[in-house]
Every structure is written in structure tokens, then in C-alpha cells.
Amino acid sequence: NLNCYTPTSATPVSLPGSSGAGTDIGIPGLTLEECRSACRNFKECEAVVHVSDGTGNCYGKKDIHTSAAEGGCQTQTPFVTEMICGAPWGKCTVLGDPHITPFDRKMLGSYPPSDNDLYMVPVNFYNHGEYYLVRSSQLQIRGRFGYTTAFRAAASTLGMAATGSLLGGHTLAVAYIGPSPQEP
């Protein structure tokens, strides 16, 4: 349950019937379904922030950024952000042997704080092989990981390839050029 309420995670949208200003602009006393409807009926609105159950303030949002690099959304119950149209912005990273930070990592400083708050702690992956990094009907990105003379015990990123309708059916491949990969 992401709460994209802050100005670094989303731009406020003044829905018809809203009161308040800045990040506090919203429609009071709506159910989640009424909030969804208010957003669907307003061209600028891409998402809503609302309590997950019952009635509460309905906050219209646009330009949603889920990743910390943009300020990101926090995990903060009982609030939820629901995309009504469009898609949120986010970043993922793959680097080294590889350390992977996916698009949907939760926000640092999640409320309430906990000892197992793993936001932006990368997934460390040391096995060799080829794996999907992104797999959707419009875009597929695969990563190839293997051992090198420099790193014999942990797999390194050796290449990536992207294809799909978003690339017009073309394939873009990037490969590591260096010492030959080694067998495990």
C-alpha cells in the first residue's frame, strides 16, 4: 500500500469539490469508489490517495513517482495510492555482480519504521544464467550474468537485451566485452 501524498512523489490535482491547498487539497467524506469516480471524471487526474477502508479525504494526483530517486511513495497504512489511468514513473537499477533495485521497492522511512525496512536495499544475485528483468506484453528485458576472471565466485552482469512492441519489434542488446567468461 503506497502513499503517494507528498509533493516529491506526486503532483496534487484539484478535483471538482476540493477544498484546501497544496498537498492538502482534496474532497472530504468520500468512499474509495467515489474517489475513483471523481478522478476518472477529471482529465488531469491519474491516481487517487485515499484510506484503504471507509470514508475519508480523496486526494487527486498526477505525475506519480514510486522510486526514492524522485522522492518516492511511502508505505503508510491505512493510505493507498491507486492508479486510475496512466502509469507511475519509477527507476530500477542493475549493476555489478548484480545488485538489483526493482521498480517497486518501498520507500525509506516507511511509517511506522521497522527493523526490516528494506527500501533501496538491492537484491544481491550471484548466480549465473539468463533472467527476465522486465516482462510485460509490451516490453521484455533480459539480463545475462556469468563469471569472469576478475570475479570467479560471484556472477557479474555480462549483458542485457530489450525487445517488444515499445521498441517497434526491434531488439537492443548490450554486451560486456572483456576477459572471457569463466565456468563456475
# chains A, B, ... in the order shown; residues from 1 in each chain; ligands from 1
call {"tool": "residues_around", "arguments": {"residues": "Gln138 (chain A)", "least_positions_apart": "4", "cutoff": "12 Å", "atoms": "only C-alpha atoms", "output": "NGL selection string"}}
result
:A and (134 or 162-170)
call {"tool": "closest_residue", "arguments": {"among": "A:His50, A:His65, A:Arg36, A:His128", "to": "Cys85 (chain A)", "atoms": "only C-alpha atoms"}}
result
A:Arg36
call {"tool": "residues_around", "arguments": {"residues": "Lys61 (chain A)", "least_positions_apart": "5", "cutoff": "6 Å", "atoms": "only C-alpha atoms", "output": "MDAnalysis selection string"}}
result
chainID A and resid 10:13 45:48
call {"tool": "write_last_selection", "arguments": {"atoms": "C-alpha atoms", "output": "compact mmCIF listing (two decimals), in the first residue's frame"}}
result
# COMPACT_ATOMS: atom_id res chain seq x y z
CA ALA A 10 3.10 13.18 -6.91
CA THR A 11 1.62 16.46 -8.09
CA PRO A 12 -1.68 17.41 -6.40
CA VAL A 13 -4.75 17.72 -8.65
CA CYS A 45 -6.23 13.13 -12.56
CA GLU A 46 -4.11 9.97 -12.92
CA ALA A 47 -4.38 8.49 -9.42
CA VAL A 48 -6.01 8.88 -6.04
call {"tool": "residues_around", "arguments": {"residues": "Cys35 (chain A)", "least_positions_apart": "4", "cutoff": "8 Å", "atoms": "only C-alpha atoms", "output": "PDB file with N, CA and C atoms, in the first residue's frame"}}
result
ATOM      1  N   LEU A  30     -15.459  11.082   1.140  1.00  0.00           N
ATOM      2  CA  LEU A  30     -15.779  10.171   0.046  1.00  0.00           C
ATOM      3  C   LEU A  30     -15.339   8.745   0.373  1.00  0.00           C
ATOM      4  N   THR A  31     -16.050   7.777  -0.193  1.00  0.00           N
ATOM      5  CA  THR A  31     -15.581   6.397  -0.150  1.00  0.00           C
ATOM      6  C   THR A  31     -14.502   6.246  -1.218  1.00  0.00           C
ATOM      7  N   CYS A  39     -11.897  11.015  -9.853  1.00  0.00           N
ATOM      8  CA  CYS A  39     -10.663  11.071 -10.631  1.00  0.00           C
ATOM      9  C   CYS A  39     -10.916  10.719 -12.098  1.00  0.00           C
ATOM     10  N   VAL A  48      -5.428   8.344  -7.264  1.00  0.00           N
ATOM     11  CA  VAL A  48      -6.012   8.878  -6.035  1.00  0.00           C
ATOM     12  C   VAL A  48      -5.247   8.342  -4.831  1.00  0.00           C
ATOM     13  N   HIS A  50      -6.182   7.689  -0.857  1.00  0.00           N
ATOM     14  CA  HIS A  50      -7.371   7.572  -0.021  1.00  0.00           C
ATOM     15  C   HIS A  50      -7.077   6.553   1.066  1.00  0.00           C
ATOM     16  N   CYS A  58     -10.310  12.494  -0.262  1.00  0.00           N
ATOM     17  CA  CYS A  58      -9.908  11.975  -1.577  1.00  0.00           C
ATOM     18  C   CYS A  58      -8.925  12.973  -2.173  1.00  0.00           C
ATOM     19  N   TYR A  59      -7.699  12.528  -2.426  1.00  0.00           N
ATOM     20  CA  TYR A  59      -6.671  13.385  -2.998  1.00  0.00           C
ATOM     21  C   TYR A  59      -6.381  12.943  -4.427  1.00  0.00           C
TER      22      TYR A  59
END
call {"tool": "atom_distance", "arguments": {"atom1": "CA of Gly54 (chain A)", "atom2": "CA of Leu32 (chain A)"}}
result
7.3 Å
call {"tool": "closest_residue", "arguments": {"among": "A:Thr55, A:Ser18, A:Thr77, A:Ser156", "to": "Glu130 (chain A)", "atoms": "only C-alpha atoms"}}
result
A:Ser156
call {"tool": "residues_around", "arguments": {"residues": "Thr23 (chain A)", "least_positions_apart": "3", "cutoff": "7 Å", "atoms": "only C-alpha atoms", "output": "list of chain:residue names"}}
result
A:Tyr5, A:Thr6, A:Pro7, A:Pro12
call {"tool": "residues_around", "arguments": {"residues": "Thr81 (chain A)", "least_positions_apart": "6", "cutoff": "6 Å", "atoms": "only C-alpha atoms", "output": "PyMOL selection string"}}
result
chain A and resi 2-4+48-49
call {"tool": "closest_residue", "arguments": {"among": "A:Met160, A:Val80, A:Leu15, A:Leu95", "to": "Lys62 (chain A)", "atoms": "only C-alpha atoms"}}
result
A:Leu15
call {"tool": "residues_around", "arguments": {"residues": "Gly143 (chain A)", "least_positions_apart": "3", "cutoff": "9 Å", "atoms": "only C-alpha atoms", "output": "list in words"}}
result
Val94, Gly129, Glu130, Tyr131, Tyr132, Leu133, Thr157, Leu158, Gly159, Met160 and Ala161 of chain A
call {"tool": "write_last_selection", "arguments": {"atoms": "C-alpha atoms", "output": "short mmCIF file (atom, residue, chain, number, x, y, z; two decimals), in the first residue's frame"}}
result
data_model
loop_
_atom_site.label_atom_id
_atom_site.label_comp_id
_atom_site.auth_asym_id
_atom_site.auth_seq_id
_atom_site.Cartn_x
_atom_site.Cartn_y
_atom_site.Cartn_z
CA VAL A 94 21.09 -3.39 -12.26
CA GLY A 129 22.38 -17.57 -16.27
CA GLU A 130 19.84 -15.52 -18.20
CA TYR A 131 16.87 -14.00 -16.41
CA TYR A 132 13.96 -11.67 -17.16
CA LEU A 133 14.41 -8.25 -15.58
CA THR A 157 26.37 -8.56 -15.36
CA LEU A 158 27.56 -9.63 -18.82
CA GLY A 159 24.79 -8.16 -20.93
CA MET A 160 21.22 -7.07 -21.34
CA ALA A 161 18.73 -7.23 -24.21
#
call {"tool": "atom_distance", "arguments": {"atom1": "CA of Phe42 (chain A)", "atom2": "CA of Ser9 (chain A)"}}
result
20.0 Å
call {"tool": "closest_residue", "arguments": {"among": "A:Pro98, A:Asn57, A:Glu44, A:Phe151", "to": "Ile84 (chain A)", "atoms": "only C-alpha atoms"}}
result
A:Glu44
